[in-house]
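The file coords.pdb comes next; it holds PDB, C-alpha atoms and all ligand atoms.
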MODEL        1
ATOM      1  CA  MET A  18      20.694   1.190   6.445
ATOM      2  CA  ASN A  19      19.197  -1.274   8.940
ATOM      3  CA  ARG A  20      15.570  -2.201   9.450
ATOM      4  CA  SER A  21      14.945   0.316  12.219
ATOM      5  CA  GLU A  22      15.954   3.081   9.780
ATOM      6  CA  LEU A  23      13.718   1.835   6.980
ATOM      7  CA  ARG A  24      10.604   1.421   9.166
ATOM      8  CA  PRO A  25       9.768   5.133   9.614
ATOM      9  CA  VAL A  26      10.340   5.641   5.873
ATOM     10  CA  LEU A  27       7.847   2.900   4.986
ATOM     11  CA  LEU A  28       5.370   4.188   7.600
ATOM     12  CA  THR A  29       5.632   7.638   6.014
ATOM     13  CA  VAL A  30       4.882   6.144   2.578
ATOM     14  CA  VAL A  31       1.802   4.344   3.980
ATOM     15  CA  LEU A  32       0.635   7.474   5.836
ATOM     16  CA  TYR A  33       1.021   9.650   2.728
ATOM     17  CA  ALA A  34      -0.795   7.180   0.453
ATOM     18  CA  SER A  35      -3.654   6.829   2.961
ATOM     19  CA  LEU A  36      -4.002  10.599   3.350
ATOM     20  CA  ASP A  37      -3.948  11.016  -0.439
ATOM     21  CA  LEU A  38      -6.821   8.535  -0.846
ATOM     22  CA  LEU A  39      -8.742  10.051   2.091
ATOM     23  CA  VAL A  40      -8.530  13.613   0.727
ATOM     24  CA  THR A  41      -9.465  12.334  -2.754
ATOM     25  CA  PHE A  42     -12.537  10.656  -1.227
ATOM     26  CA  ILE A  43     -13.477  13.824   0.700
ATOM     27  CA  SER A  44     -13.103  15.911  -2.492
ATOM     28  CA  LEU A  45     -15.812  13.832  -4.197
ATOM     29  CA  TYR A  46     -18.246  15.287  -1.633
ATOM     30  CA  THR A  47     -16.848  18.819  -1.320
ATOM     31  CA  GLN A  48     -16.462  19.514  -5.061
ATOM     32  CA  PRO A  49     -18.975  22.049  -6.390
ATOM     33  CA  LYS A  50     -21.852  20.748  -8.493
ATOM     34  CA  GLY A  51     -21.073  21.295 -12.175
ATOM     35  CA  GLY A  52     -17.400  22.055 -11.401
ATOM     36  CA  LEU A  53     -14.497  21.022 -13.602
ATOM     37  CA  VAL A  54     -14.026  17.265 -13.881
ATOM     38  CA  GLY A  55     -10.622  15.579 -13.965
ATOM     39  CA  VAL A  56      -9.889  13.242 -16.837
ATOM     40  CA  PHE A  57      -7.465  10.372 -16.916
ATOM     41  CA  ARG A  58      -4.205  10.706 -18.793
ATOM     42  CA  SER A  59      -4.166   8.473 -21.895
ATOM     43  CA  ALA A  60      -2.811   5.122 -20.736
ATOM     44  CA  ASP A  61       0.162   4.913 -23.123
ATOM     45  CA  THR A  62       1.738   8.087 -21.686
ATOM     46  CA  ILE A  63       1.493   6.995 -18.026
ATOM     47  CA  PRO A  64       4.671   4.832 -17.783
ATOM     48  CA  LEU A  65       6.875   7.581 -19.261
ATOM     49  CA  HIS A  66       5.332  10.262 -17.032
ATOM     50  CA  LEU A  67       5.877   8.085 -13.933
ATOM     51  CA  PHE A  68       9.438   7.361 -15.020
ATOM     52  CA  PHE A  69      10.290  11.072 -15.256
ATOM     53  CA  LEU A  70       8.599  11.728 -11.924
ATOM     54  CA  ALA A  71      10.592   8.954 -10.212
ATOM     55  CA  LEU A  72      13.818  10.100 -11.869
ATOM     56  CA  GLY A  73      13.291  13.653 -10.564
ATOM     57  CA  GLY A  74      12.687  12.262  -7.069
ATOM     58  CA  VAL A  75      15.846  10.130  -7.118
ATOM     59  CA  ALA A  76      17.860  13.124  -8.376
ATOM     60  CA  LEU A  77      16.637  15.262  -5.447
ATOM     61  CA  GLY A  78      17.581  12.549  -2.927
ATOM     62  CA  LEU A  79      21.035  12.150  -4.509
ATOM     63  CA  LEU A  80      21.596  15.912  -4.522
ATOM     64  CA  SER A  81      20.950  16.098  -0.791
ATOM     65  CA  ILE A  82      23.230  13.085  -0.201
ATOM     66  CA  LEU A  83      26.037  14.732  -2.186
ATOM     67  CA  VAL A  84      25.680  18.071  -0.413
ATOM     68  CA  PHE A  85      25.775  16.569   3.078
ATOM     69  CA  ARG A  86      28.080  13.667   2.166
ATOM     70  CA  ARG A  87      25.930  11.208   4.041
ATOM     71  CA  PHE A  88      24.214   8.297   2.310
ATOM     72  CA  ASP A  89      20.557   8.261   3.244
ATOM     73  CA  LEU A  90      18.667   5.419   1.600
ATOM     74  CA  GLY A  91      15.499   6.806   3.183
ATOM     75  CA  LEU A  92      15.720   9.965   1.082
ATOM     76  CA  VAL A  93      16.403   8.047  -2.129
ATOM     77  CA  VAL A  94      13.421   5.760  -1.420
ATOM     78  CA  LEU A  95      11.025   8.274   0.118
ATOM     79  CA  ILE A  96      11.235  11.240  -2.270
ATOM     80  CA  PRO A  97      10.524   9.266  -5.499
ATOM     81  CA  SER A  98       7.779   7.264  -3.723
ATOM     82  CA  ILE A  99       6.061  10.500  -2.697
ATOM     83  CA  VAL A 100       6.489  11.941  -6.198
ATOM     84  CA  ILE A 101       4.641   8.939  -7.663
ATOM     85  CA  LEU A 102       2.030   8.425  -4.921
ATOM     86  CA  THR A 103       0.762  12.012  -5.302
ATOM     87  CA  ASP A 104      -1.136  10.800  -8.396
ATOM     88  CA  LEU A 105      -3.244   8.331  -6.375
ATOM     89  CA  ASP A 106      -5.848  11.116  -6.534
ATOM     90  CA  HIS A 107      -6.660  10.085 -10.131
ATOM     91  CA  LEU A 108      -8.186   6.847  -8.824
ATOM     92  CA  PRO A 109     -11.889   7.870  -9.038
ATOM     93  CA  SER A 110     -11.594   8.877 -12.724
ATOM     94  CA  ALA A 111      -9.734   5.613 -13.406
ATOM     95  CA  LEU A 112     -12.794   3.873 -11.918
ATOM     96  CA  GLY A 113     -15.164   5.982 -14.039
ATOM     97  CA  ILE A 114     -16.292   8.229 -11.154
ATOM     98  CA  ASP A 115     -16.603  12.020 -11.743
ATOM     99  CA  GLN A 116     -13.975  13.801  -9.664
ATOM    100  CA  PRO A 117     -12.411  17.258  -9.371
ATOM    101  CA  ILE A 118      -9.067  17.870 -11.090
ATOM    102  CA  ARG A 119      -6.002  16.792  -9.031
ATOM    103  CA  PRO A 120      -7.685  17.095  -5.590
ATOM    104  CA  THR A 121      -4.479  16.296  -3.652
ATOM    105  CA  HIS A 122      -2.211  18.539  -5.732
ATOM    106  CA  SER A 123      -3.133  21.076  -3.078
ATOM    107  CA  LEU A 124      -1.316  23.264  -0.565
ATOM    108  CA  VAL A 125      -3.890  22.298   2.063
ATOM    109  CA  PHE A 126      -3.059  18.625   1.448
ATOM    110  CA  ILE A 127       0.733  19.033   1.701
ATOM    111  CA  ALA A 128       0.380  21.164   4.854
ATOM    112  CA  VAL A 129      -1.639  18.384   6.537
ATOM    113  CA  ALA A 130       0.766  15.690   5.279
ATOM    114  CA  PHE A 131       3.766  17.679   6.543
ATOM    115  CA  VAL A 132       2.301  18.126  10.031
ATOM    116  CA  LEU A 133       1.115  14.491  10.214
ATOM    117  CA  VAL A 134       4.560  13.085   9.383
ATOM    118  CA  ALA A 135       6.210  15.460  11.873
ATOM    119  CA  THR A 136       3.809  14.533  14.683
ATOM    120  CA  VAL A 137       2.909  10.864  14.012
ATOM    121  CA  ILE A 138       6.259   9.628  12.658
ATOM    122  CA  ARG A 139       8.091  12.296  14.719
ATOM    123  CA  ARG A 140      10.675  12.841  11.994
ATOM    124  CA  PRO A 141      10.870  16.414  10.681
ATOM    125  CA  ASP A 142      13.530  15.290   8.182
ATOM    126  CA  LEU A 143      10.980  12.921   6.620
ATOM    127  CA  SER A 144       8.387  15.740   6.613
ATOM    128  CA  PHE A 145      10.740  17.809   4.462
ATOM    129  CA  ALA A 146      11.460  14.808   2.203
ATOM    130  CA  VAL A 147       7.678  14.477   1.694
ATOM    131  CA  MET A 148       7.424  18.183   0.892
ATOM    132  CA  SER A 149      10.282  17.863  -1.593
ATOM    133  CA  GLY A 150       8.631  14.960  -3.452
ATOM    134  CA  PHE A 151       5.274  16.754  -3.491
ATOM    135  CA  PHE A 152       6.640  19.968  -5.027
ATOM    136  CA  ALA A 153       8.821  17.997  -7.476
ATOM    137  CA  HIS A 154       5.606  16.370  -8.695
ATOM    138  CA  LEU A 155       3.859  19.726  -9.115
ATOM    139  CA  ALA A 156       6.889  21.047 -11.016
ATOM    140  CA  VAL A 157       6.642  18.185 -13.554
ATOM    141  CA  ASP A 158       2.837  18.248 -13.967
ATOM    142  CA  THR A 159       1.135  20.604 -16.420
ATOM    143  CA  GLY A 160      -2.441  21.872 -16.497
ATOM    144  CA  LEU A 161      -4.683  22.979 -13.650
ATOM    145  CA  PHE A 162      -4.540  22.402  -9.897
ATOM    146  CA  PRO A 163      -6.763  23.461  -6.977
ATOM    147  CA  PRO A 164      -4.414  24.846  -4.248
ATOM    148  CA  PHE A 165      -7.139  24.909  -1.572
ATOM    149  CA  SER A 166      -8.737  21.521  -2.247
ATOM    150  CA  PRO A 167     -10.718  19.877  -0.638
ATOM    151  CA  ILE A 168     -12.002  23.111   0.935
ATOM    152  CA  SER A 169     -12.468  25.116  -2.259
ATOM    153  CA  PHE A 170     -11.956  24.366  -5.931
ATOM    154  CA  ASN A 171     -10.599  27.457  -7.637
ATOM    155  CA  TYR A 172      -8.155  26.268 -10.270
ATOM    156  CA  TYR A 173      -4.776  27.776 -11.117
ATOM    157  CA  THR A 174      -2.280  26.882 -13.865
ATOM    158  CA  LEU A 175       0.614  24.726 -12.607
ATOM    159  CA  GLY A 176       3.111  26.095 -15.164
ATOM    160  CA  ASP A 177       2.760  29.634 -13.755
ATOM    161  CA  TYR A 178       4.329  28.466 -10.484
ATOM    162  CA  GLN A 179       6.940  26.045 -11.835
ATOM    163  CA  PRO A 180      10.009  28.066 -10.679
ATOM    164  CA  ALA A 181       8.567  28.287  -7.154
ATOM    165  CA  PHE A 182       7.801  24.529  -7.120
ATOM    166  CA  ILE A 183      11.344  23.684  -8.243
ATOM    167  CA  ALA A 184      12.827  25.996  -5.593
ATOM    168  CA  LEU A 185      10.630  24.426  -2.890
ATOM    169  CA  ALA A 186      11.500  20.866  -4.038
ATOM    170  CA  LEU A 187      15.242  21.612  -3.990
ATOM    171  CA  SER A 188      15.287  23.502  -0.697
ATOM    172  CA  SER A 189      13.097  20.902   1.059
ATOM    173  CA  ALA A 190      15.396  18.071  -0.120
ATOM    174  CA  LEU A 191      18.376  19.958   1.295
ATOM    175  CA  VAL A 192      16.638  20.656   4.620
ATOM    176  CA  ALA A 193      15.688  16.942   4.790
ATOM    177  CA  GLY A 194      19.313  15.931   4.220
ATOM    178  CA  TYR A 195      20.550  18.451   6.774
ATOM    179  CA  LEU A 196      18.074  17.377   9.466
ATOM    180  CA  GLY A 197      18.828  13.706   8.704
ATOM    181  CA  LYS A 198      22.541  14.285   9.147
ATOM    182  CA  ARG A 199      22.084  16.274  12.363
ATOM    183  CA  ARG A 200      19.793  13.544  13.681
ATOM    184  CA  THR A 201      22.355  10.750  13.211
ATOM    185  CA  ILE A 202      25.068  12.901  14.793
ATOM    186  CA  THR A 203      22.865  13.514  17.858
ATOM    187  CA  VAL A 204      21.816   9.856  18.074
ATOM    188  CA  LYS A 205      25.385   8.513  17.942
TER     189      LYS A 205
HETATM  190 ZN    ZN A 301      -0.007  14.737 -10.876
ENDMDL
END
Encoded form using structure tokens:
Amino acid sequence: MNRSELRPVLLTVVLYASLDLLVTFISLYTQPKGGLVGVFRSADTIPLHLFFLALGGVALGLLSILVFRRFDLGLVVLIPSIVILTDLDHLPSALGIDQPIRPTHSLVFIAVAFVLVATVIRRPDLSFAVMSGFFAHLAVDTGLFPPFSPISFNYYTLGDYQPAFIALALSSALVAGYLGKRRTITVK
């Protein structure tokens, strides 16, 4: 992988992190008064949780690489980064500010992120890698999430949808690998 290949991957990471923080900020204003408040995970469990999240992300990237027999460092870097960065939305509670629960663990958020990466970075393969990391994260998390945040804050239980999240994470990783392979074939 040369530098011109890594650049769009790093830009995608920056774009995703910025959007995560922006939507988190918006949610502080759109959350209903007296709504549920997110609490911060106890600090000693954070490293292990992040480790499992990153491991899941790496596994998804490797799976796609194996299936399409094409090494794609971007996938192995991007998917775990996205898996971890999804939790940037806990920042307000870490700073002692009342916030809704998991404001960016939302279908509205991933839809916007997907379209932004496809249009700004112009790399649909990276859009699918982002989607894969996002749903891998939701598959590992437990508790409540607001699928239509920051527009509305009705909460649903993550565990009820775990099979769907795993299926979406796997299929998106494979589509990302497929599009990445087709892209390099067309470019060469
Ligand atoms: Zn989370």
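Distances to ligand ZN 301 (chain A) were evaluated for A:Leu175, A:Ile183, A:Leu191, A:Leu124 using only C-alpha atoms and all ligand atoms, and the minimum falls at A:Leu175.
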Residues matched by the PyMOL selection byres (((chain A and resi 75) around 10) and not hetatm), written as a PyMOL selection string: chain A and resi 69-74+76-80+92-98+100+150
Expected selection from the PyMOL selection byres (((chain A and resi 163) around 12) and not hetatm), given as a VMD selection string: chain A and resid 44 48 52 to 55 117 to 126 155 160 to 162 164 to 175
12 Å contact set for stretch 25-27 of chain A, only C-alpha atoms, chain neighbours under 5 positions out, as a VMD selection string: chain A and resid 18 to 20 32 to 34 89 to 99 134 to 135 137 to 144 146 to 147
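If you look at atom CA of A:Leu105 and atom CA of A:Ser35, they are 9.5 Å away from each other.
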Distance query A:Leu112 at most 12 Å, all atoms listed in the file, self and fewer than 5 positions along chain excluded, as a count of residues only: 5
Selection under test: the PyMOL selection byres (((chain A and resi 156) around 8) and not hetatm); residues as a PyMOL selection string: chain A and resi 152-155+157-159+175-176+178-180+182-183
Nearby residues (all atoms listed in the file) at most 6 Å from A:Ser149, same-chain spacing under 4 positions excluded, as an NGL selection string: :A and (186 or 189-190)
Between atom CA of A:Ser21 and atom CA of A:Ile101, distance in Å (one decimal): 24.0 Å
For ligand ZN 301 (chain A), the nearest of the candidates A:Ser188, A:Thr103, A:Thr136, A:Thr201, counting all atoms listed in the file: A:Thr103
Residue with smallest distance to A:Val30 - pool A:Val192, A:Ala111, A:Leu102, A:Ile202, counting only C-alpha atoms: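 The shortest atom-to-atom distance to A:Val30 comes from A:Leu102.
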Pairwise distance for atom CA of A:Arg199 and atom CA of A:Ala130, rounded to one decimal in Å: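 Atom CA of A:Arg199 sits 22.5 Å away from atom CA of A:Ala130.
Among the candidates A:Ala181, A:Leu108, A:Leu28, A:Val40, the one nearest to A:Val129 when counting only C-alpha atoms is A:Val40.
Of the residues listed (A:Pro109, A:Leu36, A:Gly51, A:Asp104), A:Asp104 shows the shortest atom-to-atom separation from ligand ZN 301 (chain A); distances use all atoms listed in the file.
Shortest atom-to-atom contact with ligand ZN 301 (chain A) among A:Ala128, A:Phe85, A:Phe151, A:Leu39: A:Phe151, counting all atoms listed in the file.
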Stretch 20-32 of chain A: axis-aligned bounding box, 8 Å on each side, centre and edge lengths in Å, one decimal, as AutoDock Vina command-line options:
--center_x 8.3 --center_y 2.7 --center_z 7.4 --size_x 31.3 --size_y 25.8 --size_z 25.6
